[in-house]
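J.: What follows is a structure written as structure tokens; I'll ask about it next.
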Amino acid sequence: MINPVAFHIGSLEIRWYGIIFAMAFFIGILMAAKLARKKNISKETIYDFAVWLIPSSIIGARLGHVLGNIDYYSNNPAEIIAIWHGGVALFGGIFGAALAAILFCRKKKLNFFDLADIFVIPLAFGTIFGRIGNFINQELYGKITSLPWGIYFDNVAGRRHPTQIYEAIGNLIVFLALMFLWKRNAKTGNVFFSYIALYSFIRFFAEFLRDGKIFALGLTLMQLIIIPVFIASAYYIYKINKKTPLS
């Protein structure tokens with residue numbers, strides 16, 4: 001396995017996860033600025049939004065992870081802010097980013113779904129590398145498997161499903177699908193809700209292989225949350241393609 005620590009600056013550990021996280025934001029903002037031309041949104045507007053986006057999505061993602069692992073963090077409160085150790089929840093990040101986008105669009109008088117369509121594309125791209133970061137960090141691994149590509153992770157028994165890599169591949173497929181929709185000039189809102197639906201679908205099945213706790217009905221809490229999210233996104237995709245674009 002790759003050492004999660006890339007290098008040290010004195011006593012400070014610089015982890016690959018943090019480097020990947022920072023690079024994903026940097027590349028994502030540049031990608032969004034390029035995509036925004038198609039929506040007649042200036043790159044300056046994208047850069048202004050980035051100032052809102054970065055802290056809100058990080059806080060949302062971290063809070064989502066902490067709430068999902070409240071037993072651990074209630075016993076280790078100092079770890080709550082240790083995001084460099086890994087641990088973010090994508091849906092929490094999306095919620096934080098969406099809240100920032102709603103407020104920003106009201107201030108700038110922009111269509112929320114124009115901005116959302118733009119930013120989910122670099123989000124899907126960045127998540128590919130985020131999952132690779134999870135793999136390097138040796139977190140979010142799967143259940144024990146006898147398959148030949150199973151991985152031994154430190155401090156955990158047995159060979160495990162590399163679910164981080166499965167999800168990275170899934171997110172690559174999502175990214176390619178969104179780019180296809182974008183180039184086909186999909187109606188406003190279509191790319192955004194397609195991302196939510198596709199990611200929800202992939203995450204739902206990945207949960208069966210993850211080493212998570214069953215909450216109810218043989219499903220994890222995340223799976224129970226995903227079901228209505230997927231249904232709602234599928235409904236809005238149908239609505240968008242049957243009616244006028246969302247505003």
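Letters A, B, ... mark the chains of the structure tokens in the order given; residue numbers begin at 1 per chain; ligand numbers begin at 1, in order shown.
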Can you tell me, as a VMD selection string, what residues are no more than 12 Å from range 14-17 of chain A when counting only C-alpha atoms, ignoring any on the same chain fewer than 5 positions away?
T.: chain A and resid 2 to 9 22 to 24 82 to 88 127 129 to 139
J.: Residues at most 7 Å from range 56-70 of chain A, counting only C-alpha atoms, excluding those fewer than 5 positions away in the same chain, as a PDB file with all heavy atoms, in the first residue's frame?
T.:
ATOM      1  N   ILE A  80     -12.832  15.818  15.027  1.00  0.00           N
ATOM      2  CA  ILE A  80     -13.899  16.397  14.215  1.00  0.00           C
ATOM      3  C   ILE A  80     -13.342  17.350  13.157  1.00  0.00           C
ATOM      4  O   ILE A  80     -13.782  17.352  12.008  1.00  0.00           O
ATOM      5  CB  ILE A  80     -14.938  17.121  15.101  1.00  0.00           C
ATOM      6  CG1 ILE A  80     -15.709  16.094  15.937  1.00  0.00           C
ATOM      7  CG2 ILE A  80     -15.900  17.958  14.259  1.00  0.00           C
ATOM      8  CD1 ILE A  80     -16.677  16.701  16.930  1.00  0.00           C
ATOM      9  N   GLY A  87     -12.200  11.516   5.589  1.00  0.00           N
ATOM     10  CA  GLY A  87     -13.537  11.467   6.162  1.00  0.00           C
ATOM     11  C   GLY A  87     -14.415  12.624   5.748  1.00  0.00           C
ATOM     12  O   GLY A  87     -14.505  13.630   6.456  1.00  0.00           O
ATOM     13  N   VAL A  88     -15.039  12.517   4.573  1.00  0.00           N
ATOM     14  CA  VAL A  88     -16.021  13.496   4.123  1.00  0.00           C
ATOM     15  C   VAL A  88     -17.190  12.727   3.518  1.00  0.00           C
ATOM     16  O   VAL A  88     -17.013  11.617   3.008  1.00  0.00           O
ATOM     17  CB  VAL A  88     -15.438  14.487   3.086  1.00  0.00           C
ATOM     18  CG1 VAL A  88     -14.424  15.409   3.727  1.00  0.00           C
ATOM     19  CG2 VAL A  88     -14.809  13.766   1.899  1.00  0.00           C
ATOM     20  N   ALA A  89     -18.361  13.302   3.594  1.00  0.00           N
ATOM     21  CA  ALA A  89     -19.563  12.685   3.031  1.00  0.00           C
ATOM     22  C   ALA A  89     -19.993  13.493   1.820  1.00  0.00           C
ATOM     23  O   ALA A  89     -20.274  14.692   1.940  1.00  0.00           O
ATOM     24  CB  ALA A  89     -20.681  12.647   4.073  1.00  0.00           C
ATOM     25  N   LEU A  90     -20.032  12.851   0.663  1.00  0.00           N
ATOM     26  CA  LEU A  90     -20.308  13.575  -0.576  1.00  0.00           C
ATOM     27  C   LEU A  90     -21.661  14.264  -0.553  1.00  0.00           C
ATOM     28  O   LEU A  90     -21.791  15.420  -0.972  1.00  0.00           O
ATOM     29  CB  LEU A  90     -20.218  12.625  -1.766  1.00  0.00           C
ATOM     30  CG  LEU A  90     -20.359  13.279  -3.141  1.00  0.00           C
ATOM     31  CD1 LEU A  90     -19.297  14.348  -3.353  1.00  0.00           C
ATOM     32  CD2 LEU A  90     -20.291  12.240  -4.239  1.00  0.00           C
ATOM     33  N   PHE A  91     -22.688  13.576  -0.042  1.00  0.00           N
ATOM     34  CA  PHE A  91     -24.012  14.196  -0.014  1.00  0.00           C
ATOM     35  C   PHE A  91     -24.030  15.422   0.907  1.00  0.00           C
ATOM     36  O   PHE A  91     -24.722  16.403   0.636  1.00  0.00           O
ATOM     37  CB  PHE A  91     -25.080  13.183   0.413  1.00  0.00           C
ATOM     38  CG  PHE A  91     -25.552  12.301  -0.713  1.00  0.00           C
ATOM     39  CD1 PHE A  91     -25.343  10.937  -0.679  1.00  0.00           C
ATOM     40  CD2 PHE A  91     -26.192  12.840  -1.814  1.00  0.00           C
ATOM     41  CE1 PHE A  91     -25.758  10.125  -1.723  1.00  0.00           C
ATOM     42  CE2 PHE A  91     -26.627  12.036  -2.863  1.00  0.00           C
ATOM     43  CZ  PHE A  91     -26.404  10.669  -2.819  1.00  0.00           C
ATOM     44  N   GLY A  92     -23.257  15.369   1.984  1.00  0.00           N
ATOM     45  CA  GLY A  92     -23.134  16.544   2.850  1.00  0.00           C
ATOM     46  C   GLY A  92     -22.477  17.686   2.118  1.00  0.00           C
ATOM     47  O   GLY A  92     -22.879  18.849   2.245  1.00  0.00           O
ATOM     48  N   GLY A  93     -21.440  17.368   1.322  1.00  0.00           N
ATOM     49  CA  GLY A  93     -20.771  18.389   0.521  1.00  0.00           C
ATOM     50  C   GLY A  93     -21.691  18.990  -0.522  1.00  0.00           C
ATOM     51  O   GLY A  93     -21.676  20.204  -0.756  1.00  0.00           O
ATOM     52  N   ILE A  94     -22.504  18.144  -1.164  1.00  0.00           N
ATOM     53  CA  ILE A  94     -23.461  18.633  -2.162  1.00  0.00           C
ATOM     54  C   ILE A  94     -24.479  19.554  -1.501  1.00  0.00           C
ATOM     55  O   ILE A  94     -24.840  20.605  -2.053  1.00  0.00           O
ATOM     56  CB  ILE A  94     -24.163  17.451  -2.860  1.00  0.00           C
ATOM     57  CG1 ILE A  94     -23.155  16.684  -3.723  1.00  0.00           C
ATOM     58  CG2 ILE A  94     -25.332  17.942  -3.709  1.00  0.00           C
ATOM     59  CD1 ILE A  94     -23.707  15.394  -4.304  1.00  0.00           C
ATOM     60  N   PHE A  95     -24.943  19.170  -0.307  1.00  0.00           N
ATOM     61  CA  PHE A  95     -25.910  20.017   0.410  1.00  0.00           C
ATOM     62  C   PHE A  95     -25.297  21.377   0.729  1.00  0.00           C
ATOM     63  O   PHE A  95     -25.926  22.420   0.511  1.00  0.00           O
ATOM     64  CB  PHE A  95     -26.351  19.321   1.701  1.00  0.00           C
ATOM     65  CG  PHE A  95     -27.330  20.123   2.511  1.00  0.00           C
ATOM     66  CD1 PHE A  95     -28.675  20.118   2.202  1.00  0.00           C
ATOM     67  CD2 PHE A  95     -26.896  20.907   3.582  1.00  0.00           C
ATOM     68  CE1 PHE A  95     -29.580  20.881   2.945  1.00  0.00           C
ATOM     69  CE2 PHE A  95     -27.781  21.658   4.325  1.00  0.00           C
ATOM     70  CZ  PHE A  95     -29.140  21.648   4.006  1.00  0.00           C
ATOM     71  N   GLY A  96     -24.055  21.374   1.239  1.00  0.00           N
ATOM     72  CA  GLY A  96     -23.391  22.635   1.553  1.00  0.00           C
ATOM     73  C   GLY A  96     -23.176  23.480   0.311  1.00  0.00           C
ATOM     74  O   GLY A  96     -23.392  24.700   0.321  1.00  0.00           O
ATOM     75  N   ALA A  97     -22.766  22.838  -0.787  1.00  0.00           N
ATOM     76  CA  ALA A  97     -22.541  23.557  -2.047  1.00  0.00           C
ATOM     77  C   ALA A  97     -23.850  24.108  -2.607  1.00  0.00           C
ATOM     78  O   ALA A  97     -23.891  25.239  -3.114  1.00  0.00           O
ATOM     79  CB  ALA A  97     -21.890  22.626  -3.063  1.00  0.00           C
ATOM     80  N   ALA A 100     -24.895  27.213  -0.699  1.00  0.00           N
ATOM     81  CA  ALA A 100     -24.087  28.353  -1.129  1.00  0.00           C
ATOM     82  C   ALA A 100     -24.534  28.847  -2.501  1.00  0.00           C
ATOM     83  O   ALA A 100     -24.603  30.057  -2.745  1.00  0.00           O
ATOM     84  CB  ALA A 100     -22.611  27.968  -1.158  1.00  0.00           C
TER      85      ALA A 100
END
J.: With distances taken over only C-alpha atoms, which of A:Ile54, A:Ile237, A:Leu99, A:Val156 is nearest to Lys187 in chain A?
T.: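 Counting only C-alpha atoms, the residue closest to Lys187 in chain A is A:Ile237.
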J.: Would you list, as a list in words, the residues of range 1-245 of chain A that end up in strand (DSSP E or B) under DSSP run on this structure's backbone?
T.: Val5, Ala6, Phe7, His8, Ile9, Leu12, Glu13, Ile14, Arg15, Gly142, Ile144, Ile151, Tyr152, Arg159, Arg160, Arg210, Ala216 and Leu219 of chain A
J.: Using only C-alpha atoms, which residues sit within 10 Å of range 141-150 of chain A once same-chain residues fewer than 3 positions away are excluded, as a list in words?
T.: Asn134, Phe135, Asn137, Gln138, Phe153, Val156, Ala157, Gly158, Arg159, Arg160, His161, Pro162, Thr163, Gln164, Ile165, Tyr166, Ala206, Glu207, Phe208, Leu209, Arg210, Asp211 and Gly212 of chain A
J.: For Ser233 in chain A, which residue out of A:Ile196, A:Ala177, A:Ile151, A:Ile46 is the nearest one, using only C-alpha atoms?
T.: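 Ranked by minimum distance to Ser233 in chain A, first place goes to A:Ile196.
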J.: Mind the document's chain letters and residue numbers, and return as a PyMOL selection string the residues of range 62-201 of chain A that DSSP labels alpha helix (DSSP H).
T.: chain A and resi 62-68+70-75+90-108+112-137+163-183+190-201
J.: Could you name the residues that touch Leu176 in chain A at 10 Å or less, counting only C-alpha atoms, but leaving out those on the same chain fewer than 4 positions away, as a list in words?
T.: Ile121, Ala124, Phe125, Asn171, Leu172, Phe180, Leu181 and Trp182 of chain A
J.: Go ahead and save the picked residues with N, CA and C atoms, as a PDB file, in the first residue's frame.
T.:
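So result.pdb came out as:
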ATOM      1  N   ILE A 121     -20.247  18.614 -13.114  1.00  0.00           N
ATOM      2  CA  ILE A 121     -19.304  17.943 -14.015  1.00  0.00           C
ATOM      3  C   ILE A 121     -17.912  17.870 -13.382  1.00  0.00           C
ATOM      4  N   ALA A 124     -18.049  15.399 -10.423  1.00  0.00           N
ATOM      5  CA  ALA A 124     -17.927  13.992 -10.791  1.00  0.00           C
ATOM      6  C   ALA A 124     -16.478  13.639 -11.108  1.00  0.00           C
ATOM      7  N   PHE A 125     -15.787  14.548 -11.787  1.00  0.00           N
ATOM      8  CA  PHE A 125     -14.382  14.329 -12.125  1.00  0.00           C
ATOM      9  C   PHE A 125     -13.525  14.271 -10.859  1.00  0.00           C
ATOM     10  N   ASN A 171     -17.588   6.613 -10.827  1.00  0.00           N
ATOM     11  CA  ASN A 171     -17.626   8.067 -11.004  1.00  0.00           C
ATOM     12  C   ASN A 171     -17.024   8.493 -12.340  1.00  0.00           C
ATOM     13  N   LEU A 172     -16.085   7.728 -12.860  1.00  0.00           N
ATOM     14  CA  LEU A 172     -15.574   7.998 -14.210  1.00  0.00           C
ATOM     15  C   LEU A 172     -16.694   7.827 -15.233  1.00  0.00           C
ATOM     16  N   PHE A 180     -21.399  13.795 -22.013  1.00  0.00           N
ATOM     17  CA  PHE A 180     -22.237  13.472 -23.176  1.00  0.00           C
ATOM     18  C   PHE A 180     -23.491  14.341 -23.182  1.00  0.00           C
ATOM     19  N   LEU A 181     -24.154  14.440 -22.028  1.00  0.00           N
ATOM     20  CA  LEU A 181     -25.354  15.279 -21.925  1.00  0.00           C
ATOM     21  C   LEU A 181     -25.034  16.738 -22.194  1.00  0.00           C
ATOM     22  N   TRP A 182     -23.902  17.195 -21.662  1.00  0.00           N
ATOM     23  CA  TRP A 182     -23.497  18.590 -21.836  1.00  0.00           C
ATOM     24  C   TRP A 182     -23.287  18.915 -23.319  1.00  0.00           C
TER      25      TRP A 182
END
J.: Here is a test: counting only C-alpha atoms, which residue of A:Phe204, A:Tyr72, A:Phe21, A:Phe112 is nearest to Phe192 in chain A?
T.: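 Result for the nearest residue to Phe192 in chain A: A:Phe112.
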J.: What is the distance, in Å and to one decimal place, between CA of Val120 in chain A and CA of Leu224 in chain A?
T.: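 Distance reported for this atom pair: 22.8 Å.
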